[in-house]
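Shown here: start.cif, mmCIF, C-alpha atoms and all ligand atoms.
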```
data_upload
loop_
_atom_site.group_PDB
_atom_site.id
_atom_site.type_symbol
_atom_site.label_atom_id
_atom_site.label_comp_id
_atom_site.auth_asym_id
_atom_site.auth_seq_id
_atom_site.Cartn_x
_atom_site.Cartn_y
_atom_site.Cartn_z
ATOM 1 C CA MET A 1476 93.354 114.567 105.369
ATOM 2 C CA THR A 1477 94.862 111.655 107.242
ATOM 3 C CA ALA A 1478 95.558 108.791 104.900
ATOM 4 C CA ARG A 1479 94.066 105.374 105.433
ATOM 5 C CA ILE A 1480 96.652 102.672 106.008
ATOM 6 C CA ILE A 1481 96.970 99.833 103.527
ATOM 7 C CA ASP A 1482 97.714 97.063 105.999
ATOM 8 C CA GLY A 1483 99.992 94.774 104.016
ATOM 9 C CA LYS A 1484 100.580 92.546 107.004
ATOM 10 C CA ALA A 1485 96.875 91.845 107.488
ATOM 11 C CA LEU A 1486 96.229 91.325 103.776
ATOM 12 C CA ALA A 1487 99.266 89.028 103.531
ATOM 13 C CA THR A 1488 97.918 86.968 106.436
ATOM 14 C CA ARG A 1489 94.582 86.546 104.633
ATOM 15 C CA LEU A 1490 96.257 85.623 101.361
ATOM 16 C CA ARG A 1491 98.603 83.182 103.087
ATOM 17 C CA ALA A 1492 95.605 81.376 104.559
ATOM 18 C CA GLY A 1493 94.288 80.901 101.011
ATOM 19 C CA VAL A 1494 97.694 79.640 99.862
ATOM 20 C CA ALA A 1495 97.767 77.174 102.779
ATOM 21 C CA GLU A 1496 94.380 75.797 101.682
ATOM 22 C CA ARG A 1497 95.654 75.267 98.135
ATOM 23 C CA ALA A 1498 98.808 73.604 99.500
ATOM 24 C CA ALA A 1499 96.689 71.306 101.686
ATOM 25 C CA ALA A 1500 94.567 70.303 98.679
ATOM 26 C CA LEU A 1501 97.730 69.450 96.743
ATOM 27 C CA ARG A 1502 99.104 67.400 99.619
ATOM 28 C CA ALA A 1503 95.790 65.556 99.938
ATOM 29 C CA ALA A 1504 96.194 64.645 96.266
ATOM 30 C CA GLY A 1505 99.699 63.305 96.983
ATOM 31 C CA ARG A 1506 101.641 66.308 95.643
ATOM 32 C CA GLU A 1507 103.597 68.292 98.198
ATOM 33 C CA PRO A 1508 104.561 71.784 96.964
ATOM 34 C CA ALA A 1509 108.263 72.424 97.510
ATOM 35 C CA LEU A 1510 110.510 75.458 97.228
ATOM 36 C CA ALA A 1511 114.313 75.268 96.974
ATOM 37 C CA VAL A 1512 116.010 78.320 98.498
ATOM 38 C CA ILE A 1513 119.669 78.950 97.686
ATOM 39 C CA LEU A 1514 121.814 81.348 99.694
ATOM 40 C CA VAL A 1515 125.432 82.115 98.775
ATOM 41 C CA GLY A 1516 127.585 83.988 101.289
ATOM 42 C CA SER A 1517 126.768 85.444 104.670
ATOM 43 C CA ASP A 1518 125.078 88.790 103.987
ATOM 44 C CA PRO A 1519 123.091 89.345 107.210
ATOM 45 C CA ALA A 1520 120.068 90.890 105.464
ATOM 46 C CA SER A 1521 119.939 87.993 102.995
ATOM 47 C CA GLN A 1522 120.134 85.509 105.870
ATOM 48 C CA VAL A 1523 117.120 87.170 107.506
ATOM 49 C CA TYR A 1524 115.145 87.195 104.245
ATOM 50 C CA VAL A 1525 115.901 83.509 103.642
ATOM 51 C CA ARG A 1526 114.948 82.561 107.202
ATOM 52 C CA ASN A 1527 111.654 84.443 106.867
ATOM 53 C CA LYS A 1528 110.855 82.792 103.550
ATOM 54 C CA ILE A 1529 111.576 79.317 104.921
ATOM 55 C CA ALA A 1530 109.431 79.938 108.018
ATOM 56 C CA ALA A 1531 106.607 81.247 105.821
ATOM 57 C CA CYS A 1532 106.796 78.092 103.682
ATOM 58 C CA GLU A 1533 106.492 75.879 106.746
ATOM 59 C CA GLN A 1534 103.434 77.779 107.976
ATOM 60 C CA ALA A 1535 101.750 77.438 104.588
ATOM 61 C CA GLY A 1536 102.436 73.699 104.292
ATOM 62 C CA ILE A 1537 105.068 74.153 101.597
ATOM 63 C CA ARG A 1538 108.193 72.024 101.940
ATOM 64 C CA SER A 1539 111.391 74.067 101.766
ATOM 65 C CA LEU A 1540 114.827 72.818 100.804
ATOM 66 C CA HIS A 1541 117.594 75.030 102.026
ATOM 67 C CA PHE A 1542 120.990 75.200 100.283
ATOM 68 C CA GLU A 1543 123.643 77.403 101.861
ATOM 69 C CA PHE A 1544 127.063 77.948 100.313
ATOM 70 C CA ASP A 1545 130.024 80.062 101.363
ATOM 71 C CA SER A 1546 130.864 83.147 99.328
ATOM 72 C CA GLY A 1547 133.714 81.383 97.520
ATOM 73 C CA LEU A 1548 131.312 79.076 95.680
ATOM 74 C CA ARG A 1549 132.213 78.718 92.004
ATOM 75 C CA GLU A 1550 129.564 79.806 89.522
ATOM 76 C CA ALA A 1551 129.757 76.426 87.778
ATOM 77 C CA GLU A 1552 128.851 74.642 91.026
ATOM 78 C CA LEU A 1553 125.850 76.889 91.525
ATOM 79 C CA LEU A 1554 124.710 76.303 87.951
ATOM 80 C CA ALA A 1555 125.075 72.539 88.449
ATOM 81 C CA ARG A 1556 122.930 72.697 91.599
ATOM 82 C CA ILE A 1557 120.232 74.630 89.755
ATOM 83 C CA HIS A 1558 120.401 72.160 86.876
ATOM 84 C CA ALA A 1559 119.811 69.279 89.309
ATOM 85 C CA LEU A 1560 116.883 71.090 90.942
ATOM 86 C CA ASN A 1561 115.376 71.826 87.515
ATOM 87 C CA HIS A 1562 115.242 68.074 86.930
ATOM 88 C CA ASP A 1563 113.930 67.160 90.387
ATOM 89 C CA ASP A 1564 110.182 66.567 90.020
ATOM 90 C CA ALA A 1565 109.707 66.967 93.784
ATOM 91 C CA VAL A 1566 110.850 70.609 93.580
ATOM 92 C CA HIS A 1567 108.411 73.141 92.133
ATOM 93 C CA GLY A 1568 110.059 76.498 92.795
ATOM 94 C CA ILE A 1569 113.704 77.616 92.840
ATOM 95 C CA LEU A 1570 114.764 80.852 94.499
ATOM 96 C CA VAL A 1571 118.324 82.185 94.493
ATOM 97 C CA GLN A 1572 118.640 84.917 97.112
ATOM 98 C CA LEU A 1573 120.175 88.075 95.663
ATOM 99 C CA PRO A 1574 122.658 89.709 95.763
ATOM 100 C CA LEU A 1575 125.203 87.072 94.735
ATOM 101 C CA PRO A 1576 128.958 87.529 95.268
ATOM 102 C CA ALA A 1577 130.535 89.724 92.580
ATOM 103 C CA HIS A 1578 132.386 86.837 90.865
ATOM 104 C CA ILE A 1579 129.062 85.153 90.022
ATOM 105 C CA ASP A 1580 127.019 86.435 87.077
ATOM 106 C CA ALA A 1581 123.582 86.829 88.668
ATOM 107 C CA GLN A 1582 121.773 87.097 85.336
ATOM 108 C CA ARG A 1583 123.373 83.866 84.097
ATOM 109 C CA VAL A 1584 122.258 82.145 87.303
ATOM 110 C CA ILE A 1585 118.694 83.439 86.955
ATOM 111 C CA GLU A 1586 118.569 82.274 83.326
ATOM 112 C CA ALA A 1587 119.652 78.794 84.456
ATOM 113 C CA ILE A 1588 116.428 78.356 86.434
ATOM 114 C CA SER A 1589 113.676 76.631 84.495
ATOM 115 C CA PRO A 1590 110.931 79.210 83.738
ATOM 116 C CA ARG A 1591 108.448 76.600 85.080
ATOM 117 C CA LYS A 1592 110.171 76.915 88.486
ATOM 118 C CA ASP A 1593 110.998 80.641 88.325
ATOM 119 C CA VAL A 1594 108.777 81.632 91.262
ATOM 120 C CA ASP A 1595 110.664 84.923 91.705
ATOM 121 C CA GLY A 1596 109.666 85.864 88.154
ATOM 122 C CA PHE A 1597 113.119 87.214 87.309
ATOM 123 C CA HIS A 1598 113.875 84.927 84.321
ATOM 124 C CA VAL A 1599 113.937 86.692 80.972
ATOM 125 C CA ALA A 1600 111.110 84.376 79.830
ATOM 126 C CA SER A 1601 108.970 85.523 82.768
ATOM 127 C CA ALA A 1602 109.833 89.164 82.062
ATOM 128 C CA GLY A 1603 108.936 88.636 78.396
ATOM 129 C CA ALA A 1604 105.635 86.979 79.308
ATOM 130 C CA LEU A 1605 104.746 89.989 81.457
ATOM 131 C CA MET A 1606 105.720 92.330 78.625
ATOM 132 C CA VAL A 1607 103.382 90.658 76.119
ATOM 133 C CA GLY A 1608 100.623 89.861 78.620
ATOM 134 C CA GLN A 1609 101.061 86.068 78.557
ATOM 135 C CA PRO A 1610 100.801 83.754 81.591
ATOM 136 C CA GLY A 1611 103.999 83.411 83.576
ATOM 137 C CA PHE A 1612 105.370 84.049 87.034
ATOM 138 C CA ARG A 1613 105.220 87.713 87.990
ATOM 139 C CA PRO A 1614 107.895 89.193 90.313
ATOM 140 C CA CYS A 1615 106.647 88.970 93.884
ATOM 141 C CA THR A 1616 107.109 92.575 95.049
ATOM 142 C CA PRO A 1617 105.195 94.350 92.258
ATOM 143 C CA LEU A 1618 102.599 91.552 92.303
ATOM 144 C CA GLY A 1619 102.079 92.223 96.014
ATOM 145 C CA CYS A 1620 101.595 95.931 95.233
ATOM 146 C CA VAL A 1621 98.929 95.037 92.651
ATOM 147 C CA ARG A 1622 97.092 92.878 95.202
ATOM 148 C CA MET A 1623 97.104 95.791 97.671
ATOM 149 C CA LEU A 1624 95.655 98.160 95.080
ATOM 150 C CA GLU A 1625 92.968 95.598 94.220
ATOM 151 C CA ASP A 1626 92.145 95.242 97.901
ATOM 152 C CA ILE A 1627 91.391 98.968 98.242
ATOM 153 C CA GLY A 1628 89.176 98.924 95.159
ATOM 154 C CA LEU A 1629 91.765 100.100 92.622
ATOM 155 C CA ALA A 1630 91.735 97.053 90.356
ATOM 156 C CA ASP A 1631 90.965 99.059 87.220
ATOM 157 C CA LEU A 1632 93.036 102.225 86.844
ATOM 158 C CA ARG A 1633 91.477 103.451 83.590
ATOM 159 C CA GLY A 1634 91.568 107.249 83.557
ATOM 160 C CA ARG A 1635 94.139 107.323 86.344
ATOM 161 C CA HIS A 1636 97.782 108.266 86.204
ATOM 162 C CA ALA A 1637 100.305 105.965 87.908
ATOM 163 C CA VAL A 1638 103.906 106.986 88.552
ATOM 164 C CA VAL A 1639 106.621 104.493 89.482
ATOM 165 C CA VAL A 1640 109.770 106.013 90.960
ATOM 166 C CA GLY A 1641 112.458 103.363 90.468
ATOM 167 C CA ARG A 1642 113.613 101.386 87.440
ATOM 168 C CA SER A 1643 115.150 98.134 88.634
ATOM 169 C CA ASN A 1644 114.462 94.933 86.701
ATOM 170 C CA ILE A 1645 112.826 93.279 89.705
ATOM 171 C CA VAL A 1646 110.577 96.072 90.991
ATOM 172 C CA GLY A 1647 110.346 99.323 89.004
ATOM 173 C CA LYS A 1648 110.061 98.028 85.440
ATOM 174 C CA PRO A 1649 107.684 95.088 86.096
ATOM 175 C CA MET A 1650 105.594 97.326 88.364
ATOM 176 C CA ALA A 1651 105.120 99.793 85.522
ATOM 177 C CA LEU A 1652 104.036 97.017 83.144
ATOM 178 C CA MET A 1653 101.565 95.628 85.672
ATOM 179 C CA LEU A 1654 100.019 99.080 86.196
ATOM 180 C CA LEU A 1655 99.721 99.415 82.425
ATOM 181 C CA GLY A 1656 97.910 96.071 82.449
ATOM 182 C CA MET A 1657 95.482 97.606 84.964
ATOM 183 C CA ASN A 1658 94.722 100.311 82.364
ATOM 184 C CA ALA A 1659 96.625 103.112 84.110
ATOM 185 C CA THR A 1660 98.517 105.771 82.205
ATOM 186 C CA VAL A 1661 102.031 105.061 83.456
ATOM 187 C CA THR A 1662 105.173 107.123 83.939
ATOM 188 C CA ILE A 1663 108.449 105.545 85.046
ATOM 189 C CA ALA A 1664 110.685 107.979 86.875
ATOM 190 C CA HIS A 1665 113.882 107.565 88.856
ATOM 191 C CA SER A 1666 116.208 109.556 91.047
ATOM 192 C CA GLY A 1667 117.568 111.447 88.026
ATOM 193 C CA THR A 1668 114.191 112.492 86.625
ATOM 194 C CA PRO A 1669 114.037 116.267 86.146
ATOM 195 C CA ASP A 1670 111.104 117.869 87.962
ATOM 196 C CA LEU A 1671 110.526 114.656 89.899
ATOM 197 C CA ALA A 1672 108.204 116.495 92.295
ATOM 198 C CA ASP A 1673 105.952 117.668 89.435
ATOM 199 C CA THR A 1674 105.909 114.169 87.958
ATOM 200 C CA CYS A 1675 104.966 112.616 91.290
ATOM 201 C CA ARG A 1676 102.240 115.211 91.891
ATOM 202 C CA ARG A 1677 100.437 113.932 88.772
ATOM 203 C CA ALA A 1678 100.128 110.454 90.269
ATOM 204 C CA ASP A 1679 96.782 109.067 91.384
ATOM 205 C CA VAL A 1680 98.809 105.962 92.235
ATOM 206 C CA LEU A 1681 102.410 106.525 93.286
ATOM 207 C CA VAL A 1682 104.806 103.612 93.745
ATOM 208 C CA ALA A 1683 108.161 104.480 95.305
ATOM 209 C CA ALA A 1684 110.919 101.907 94.718
ATOM 210 C CA VAL A 1685 114.038 103.981 94.391
ATOM 211 C CA GLY A 1686 115.936 102.811 97.473
ATOM 212 C CA ARG A 1687 116.494 106.281 98.954
ATOM 213 C CA PRO A 1688 115.177 107.047 102.432
ATOM 214 C CA ARG A 1689 112.180 109.433 102.484
ATOM 215 C CA MET A 1690 113.012 110.821 99.055
ATOM 216 C CA ILE A 1691 109.305 111.279 98.289
ATOM 217 C CA ARG A 1692 108.054 114.123 100.461
ATOM 218 C CA GLY A 1693 104.484 115.079 101.301
ATOM 219 C CA ASP A 1694 104.584 118.064 98.936
ATOM 220 C CA MET A 1695 105.285 115.658 96.039
ATOM 221 C CA ILE A 1696 101.997 113.787 96.574
ATOM 222 C CA LYS A 1697 98.720 114.543 94.801
ATOM 223 C CA PRO A 1698 95.897 115.053 97.300
ATOM 224 C CA GLY A 1699 93.850 111.845 97.470
ATOM 225 C CA ALA A 1700 96.530 109.640 95.909
ATOM 226 C CA ALA A 1701 97.248 106.012 96.808
ATOM 227 C CA VAL A 1702 100.899 105.713 97.825
ATOM 228 C CA ILE A 1703 102.721 102.384 97.785
ATOM 229 C CA ASP A 1704 106.127 102.526 99.446
ATOM 230 C CA VAL A 1705 108.364 99.639 98.383
ATOM 231 C CA GLY A 1706 111.561 101.044 99.861
ATOM 232 C CA ILE A 1707 113.277 99.406 102.815
ATOM 233 C CA ASN A 1708 116.106 101.598 104.055
ATOM 234 C CA ARG A 1709 118.021 101.164 107.296
ATOM 235 C CA LEU A 1710 118.839 104.446 109.006
ATOM 236 C CA ASP A 1711 121.938 105.116 111.117
ATOM 237 C CA ASP A 1712 119.898 104.571 114.295
ATOM 238 C CA GLY A 1713 119.012 101.073 113.079
ATOM 239 C CA LYS A 1714 115.378 101.880 112.309
ATOM 240 C CA LEU A 1715 113.759 101.037 108.988
ATOM 241 C CA CYS A 1716 112.144 103.630 106.775
ATOM 242 C CA GLY A 1717 110.654 103.685 103.324
ATOM 243 C CA ASP A 1718 111.327 105.813 100.266
ATOM 244 C CA VAL A 1719 108.369 107.999 101.264
ATOM 245 C CA ASP A 1720 108.240 110.483 104.129
ATOM 246 C CA PHE A 1721 105.348 108.706 105.830
ATOM 247 C CA ALA A 1722 104.321 111.538 108.164
ATOM 248 C CA GLY A 1723 104.250 114.181 105.433
ATOM 249 C CA ALA A 1724 102.628 111.938 102.822
ATOM 250 C CA SER A 1725 99.932 110.776 105.249
ATOM 251 C CA GLU A 1726 98.599 114.318 105.442
ATOM 252 C CA VAL A 1727 97.995 114.464 101.691
ATOM 253 C CA ALA A 1728 97.344 110.932 100.417
ATOM 254 C CA ASP A 1729 94.109 108.990 100.708
ATOM 255 C CA TRP A 1730 95.857 105.633 101.082
ATOM 256 C CA ILE A 1731 99.416 104.769 102.125
ATOM 257 C CA THR A 1732 101.451 101.666 102.967
ATOM 258 C CA PRO A 1733 103.566 101.676 106.136
ATOM 259 C CA VAL A 1734 107.212 100.542 106.330
ATOM 260 C CA PRO A 1735 107.554 97.996 107.809
ATOM 261 C CA GLY A 1736 104.234 96.172 107.565
ATOM 262 C CA GLY A 1737 103.297 97.152 104.012
ATOM 263 C CA VAL A 1738 104.881 95.754 100.872
ATOM 264 C CA GLY A 1739 107.376 93.461 102.660
ATOM 265 C CA PRO A 1740 104.862 90.909 104.002
ATOM 266 C CA MET A 1741 103.034 90.952 100.663
ATOM 267 C CA THR A 1742 106.233 90.001 98.821
ATOM 268 C CA ILE A 1743 106.520 86.817 100.877
ATOM 269 C CA ALA A 1744 102.825 86.004 100.424
ATOM 270 C CA MET A 1745 103.263 86.286 96.644
ATOM 271 C CA LEU A 1746 106.298 83.992 96.738
ATOM 272 C CA LEU A 1747 104.205 81.334 98.492
ATOM 273 C CA SER A 1748 101.379 81.854 96.019
ATOM 274 C CA ASN A 1749 103.725 81.487 93.043
ATOM 275 C CA THR A 1750 105.215 78.315 94.539
ATOM 276 C CA VAL A 1751 101.825 76.675 95.015
ATOM 277 C CA GLN A 1752 100.891 77.760 91.493
ATOM 278 C CA ALA A 1753 104.088 76.121 90.170
ATOM 279 C CA CYS A 1754 103.072 72.867 91.881
ATOM 280 C CA GLU A 1755 99.494 73.105 90.568
ATOM 281 C CA GLN A 1756 100.865 73.553 87.040
ATOM 282 C CA ALA A 1757 103.509 70.784 87.299
HETATM 283 P P1 LIG A 1801 117.673 98.777 93.219
HETATM 284 O O1 LIG A 1801 118.742 99.311 94.067
HETATM 285 O O2 LIG A 1801 117.959 97.649 92.270
HETATM 286 O O3 LIG A 1801 116.988 99.943 92.346
HETATM 287 C C1 LIG A 1801 116.892 101.218 92.832
HETATM 288 C C2 LIG A 1801 117.551 102.156 91.855
HETATM 289 O O4 LIG A 1801 118.780 101.584 91.354
HETATM 290 C C3 LIG A 1801 116.810 102.480 90.579
HETATM 291 O O5 LIG A 1801 115.797 103.417 90.714
HETATM 292 C C4 LIG A 1801 117.977 102.989 89.738
HETATM 293 O O6 LIG A 1801 118.539 104.154 90.284
HETATM 294 C C5 LIG A 1801 118.999 101.938 89.984
HETATM 295 N N1 LIG A 1801 118.812 100.762 89.117
HETATM 296 C C6 LIG A 1801 118.603 99.499 89.533
HETATM 297 N N2 LIG A 1801 118.467 98.671 88.479
HETATM 298 C C7 LIG A 1801 118.608 99.421 87.364
HETATM 299 C C8 LIG A 1801 118.584 99.127 85.987
HETATM 300 N N3 LIG A 1801 118.374 97.878 85.538
HETATM 301 N N4 LIG A 1801 118.770 100.142 85.116
HETATM 302 C C9 LIG A 1801 118.988 101.381 85.573
HETATM 303 N N5 LIG A 1801 119.008 101.710 86.878
HETATM 304 C C10 LIG A 1801 118.833 100.755 87.765
HETATM 305 O O7 LIG A 1801 116.527 98.428 94.189
HETATM 306 P P2 LIG A 1801 115.198 97.562 94.052
HETATM 307 O O8 LIG A 1801 114.356 97.969 92.917
HETATM 308 O O9 LIG A 1801 115.524 96.142 94.227
HETATM 309 O O10 LIG A 1801 114.525 98.064 95.384
HETATM 310 C C11 LIG A 1801 114.134 99.413 95.580
HETATM 311 C C12 LIG A 1801 113.828 99.597 97.038
HETATM 312 O O11 LIG A 1801 112.825 98.671 97.414
HETATM 313 C C13 LIG A 1801 115.011 99.326 97.983
HETATM 314 O O12 LIG A 1801 114.886 100.166 99.093
HETATM 315 C C14 LIG A 1801 114.799 97.887 98.405
HETATM 316 O O13 LIG A 1801 115.348 97.624 99.682
HETATM 317 C C15 LIG A 1801 113.303 97.819 98.445
HETATM 318 N N6 LIG A 1801 112.753 96.487 98.182
HETATM 319 C C16 LIG A 1801 111.725 96.109 98.977
HETATM 320 C C17 LIG A 1801 111.136 94.893 98.789
HETATM 321 C C18 LIG A 1801 109.997 94.533 99.648
HETATM 322 O O14 LIG A 1801 109.637 93.377 99.709
HETATM 323 N N7 LIG A 1801 109.380 95.520 100.332
HETATM 324 C C19 LIG A 1801 111.595 93.948 97.776
HETATM 325 C C20 LIG A 1801 112.623 94.488 96.919
HETATM 326 C C21 LIG A 1801 113.181 95.717 97.153
HETATM 327 P P3 LIG A 1801 118.167 105.666 90.007
HETATM 328 O O15 LIG A 1801 116.713 105.831 90.305
HETATM 329 O O16 LIG A 1801 119.017 106.384 91.018
HETATM 330 O O17 LIG A 1801 118.498 105.974 88.605
#
```
Here is a file; write its structure as structure tokens.
Ligand code: NDP
Amino acid sequence: MTARIIDGKALATRLRAGVAERAAALRAAGREPALAVILVGSDPASQVYVRNKIAACEQAGIRSLHFEFDSGLREAELLARIHALNHDDAVHGILVQLPLPAHIDAQRVIEAISPRKDVDGFHVASAGALMVGQPGFRPCTPLGCVRMLEDIGLADLRGRHAVVVGRSNIVGKPMALMLLGMNATVTIAHSGTPDLADTCRRADVLVAAVGRPRMIRGDMIKPGAAVIDVGINRLDDGKLCGDVDFAGASEVADWITPVPGGVGPMTIAMLLSNTVQACEQA
């Protein structure tokens, strides 16, 4: 079997067109959706992510406000900036690019963002809302994975087994809860899971978000599975690869996301969608 590609780039383009229409309707009604993006320090990867997010906002008709601070910024100053943005009615979403320098408590910073403007969905109130199935902003990466599954006809996973490899607060854990909400039977695994291969082989839907290059091999995939590869790993030769061995997995899976061009573009599309939603709800 040669797996069909889940083209995240193409789906993201379609979804971004829909977001742009919603943004245009808001602007026509005199409300311009706006996202504040905060970057602390000069991590090159973070700079690229922030640039991409700002460019995506512009294309979608979302105003972006860009705040850049050097890595010596005091936590209190960052909290004061967030406080001011919370009270600025012209700003609908606030995004603090992670990671933050070690002297800043990232969780405290996230908790300072108003849940109404928490378009990344990382606030404990957003995480709690996901846990109990209440409305709230969902983290962009797992939300993008859900949209991809829906697009290939896997909106209802009743009777199916989903395995998430990875347990971070921003991808692995919320992903597992979202799959549960789609009626899947869910297992959360991680790099230390005994018999990881056996666990993965039970998955009708396998989401890899463990941050280890090509850790998920073809022989760990159930024939006919849908494989979502969240991982973005830079190899020594400068190339990007996912957490899944794409070549090996493609021979076994029915569906698979490429890296790059899979989950990454969907994450940005979901950020734009959440920002427009924040403006619609303001
Ligand atoms: P993390 O590095 O935060 O998580 C990966 C692993 O770190 C986990 O599986 C676990 O390790 C450990 N870990 C992290 N948080 C916790 C926690 N709260 N408790 C216990 N263990 C924890 O990575 P992310 O989840 O942010 O990302 C995973 C991969 O996806 C990376 O390659 C990243 O680059 C990529 N990514 C891609 C995005 C996209 O848009 N495509 C967006 C975000 C991330 P272990 O399994 O070893 O126990």
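Nearest residue to Ala1678 of chain A, choosing from A:Gly1717, A:Gly1634, A:Gly1656, A:Pro1590 and counting all atoms listed in the file: A:Gly1634.
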I want to know what sits within 12 Å of Asp1518 of chain A, based on all atoms listed in the file, with residues of the same chain fewer than 4 positions away left out; could you give that as a PDB file with C-alpha atoms, keeping the file's coordinate frame?
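Ended up saving to around12.pdb:
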```pdb
ATOM      1  CA  LEU A1514     121.814  81.348  99.694  1.00  0.00           C
ATOM      2  CA  GLN A1522     120.134  85.509 105.870  1.00  0.00           C
ATOM      3  CA  VAL A1523     117.120  87.170 107.506  1.00  0.00           C
ATOM      4  CA  TYR A1524     115.145  87.195 104.245  1.00  0.00           C
ATOM      5  CA  VAL A1525     115.901  83.509 103.642  1.00  0.00           C
ATOM      6  CA  GLU A1543     123.643  77.403 101.861  1.00  0.00           C
ATOM      7  CA  PHE A1544     127.063  77.948 100.313  1.00  0.00           C
ATOM      8  CA  ASP A1545     130.024  80.062 101.363  1.00  0.00           C
ATOM      9  CA  SER A1546     130.864  83.147  99.328  1.00  0.00           C
ATOM     10  CA  GLN A1572     118.640  84.917  97.112  1.00  0.00           C
ATOM     11  CA  LEU A1573     120.175  88.075  95.663  1.00  0.00           C
ATOM     12  CA  PRO A1574     122.658  89.709  95.763  1.00  0.00           C
ATOM     13  CA  LEU A1575     125.203  87.072  94.735  1.00  0.00           C
ATOM     14  CA  PRO A1576     128.958  87.529  95.268  1.00  0.00           C
TER      15      PRO A1576
END
```
Checklist entry - What does the PyMOL selection byres (((chain A and resi 1635) around 9) and not hetatm) select in this file, as number ranges by chain? => result A: 1631-1634, 1636-1637, 1658-1661, 1678-1680
Checklist entry - Exactly which residues make up the result of the PyMOL selection byres (((not hetatm)) within 7 of (chain A and resi 1801)) on this file, given as a PyMOL selection string? => result chain A and resi 1616+1640-1647+1665-1667+1684-1687+1705-1708+1717-1718+1738-1740+1742
Next on the checklist: Could you list, as a PyMOL selection string, every residue within 12 Å of Ile1588 of chain A, counting only C-alpha atoms and ignoring same-chain residues fewer than 4 positions away?
Outcome noted: chain A and resi 1511+1513+1553-1562+1566-1571+1581-1584+1592-1601
Val1734 of chain A: which residues within 6 Å, counting all atoms listed in the file, same-chain residues fewer than 2 positions away excluded, as a short mmCIF file (atom, residue, chain, number, x, y, z; two decimals) with C-alpha atoms, in the frame of the given file?
```cif
data_model
loop_
_atom_site.label_atom_id
_atom_site.label_comp_id
_atom_site.auth_asym_id
_atom_site.auth_seq_id
_atom_site.Cartn_x
_atom_site.Cartn_y
_atom_site.Cartn_z
CA CYS A 1716 112.14 103.63 106.78
CA GLY A 1717 110.65 103.68 103.32
CA GLY A 1736 104.23 96.17 107.56
CA GLY A 1737 103.30 97.15 104.01
#
```
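Interatomic distance, atom CA of Leu1655 of chain A to atom CA of Gly1619 of chain A: 15.6 Å.
For the pair atom CA of Ile1743 of chain A and atom CA of Leu1624 of chain A, the separation is 16.7 Å.
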Next on the checklist: I need the output of the PyMOL selection byres (((chain A and resi 1676) around 10) and not hetatm) for this file as a PyMOL selection string; which residues are they?
Outcome noted: chain A and resi 1638+1671-1675+1677-1681+1693-1698+1700
Item to check | Nearest-residue call for Met1653 of chain A, choices A:Met1623, A:Gly1505, A:Arg1497, A:Leu1605, using only C-alpha atoms | outcome: A:Leu1605
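Atom CA of Gly1628 of chain A lies 26.3 Å from atom CA of Ala1602 of chain A.
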Item to check | Distance query Ala1504 of chain A at most 12 Å, only C-alpha atoms, self and fewer than 5 positions along chain excluded, as JSON, numbers by chain | outcome: {"A": [1497, 1498, 1499, 1754, 1755]}
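Nearest-residue note for Ala1531 of chain A: choosing from A:Ser1725, A:Gln1609, A:Thr1662, A:Thr1488, the minimum distance belongs to A:Thr1488, counting only C-alpha atoms.
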Checklist outcome for this item: For Met1650 of chain A, the closest of A:Ile1703, A:Ile1627, A:Val1607, A:Pro1669 counting all atoms listed in the file is A:Ile1703
Starting from 3 Å padding per side, set up an axis-aligned box that covers all listed atoms of segment 1687-1690 of chain A and hand over centre and edge lengths in Å, one decimal, as JSON.
```
{"center_x": 114.3, "center_y": 108.6, "center_z": 100.7, "size_x": 10.3, "size_y": 10.5, "size_z": 9.5}
```
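Comparing the minimum interatomic distances between Ala1722 of chain A and each of A:Ala1492, A:Ile1691, A:Leu1510, A:Ile1663, counting all atoms listed in the file, we find that A:Ile1691 sits nearest.
Comparing A:Val1494, A:Leu1652, A:Ala1509, A:Val1719 by their smallest distance to Arg1692 of chain A, the closest is A:Val1719 (using all atoms listed in the file).
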Checklist entry - Skipping near chain neighbours, those fewer than 6 positions away, what residues fall within 8 Å of Glu1726 of chain A using all atoms listed in the file, listed as number ranges by chain? => result A: 1476-1478, 1693
Checklist entry - Around (101.6, 84.7, 104.4) in the file's own coordinates, what residues are found within 10 Å if you use all atoms listed in the file, given back as a PyMOL selection string? => result chain A and resi 1484-1495+1528+1530-1532+1534-1535+1740-1748
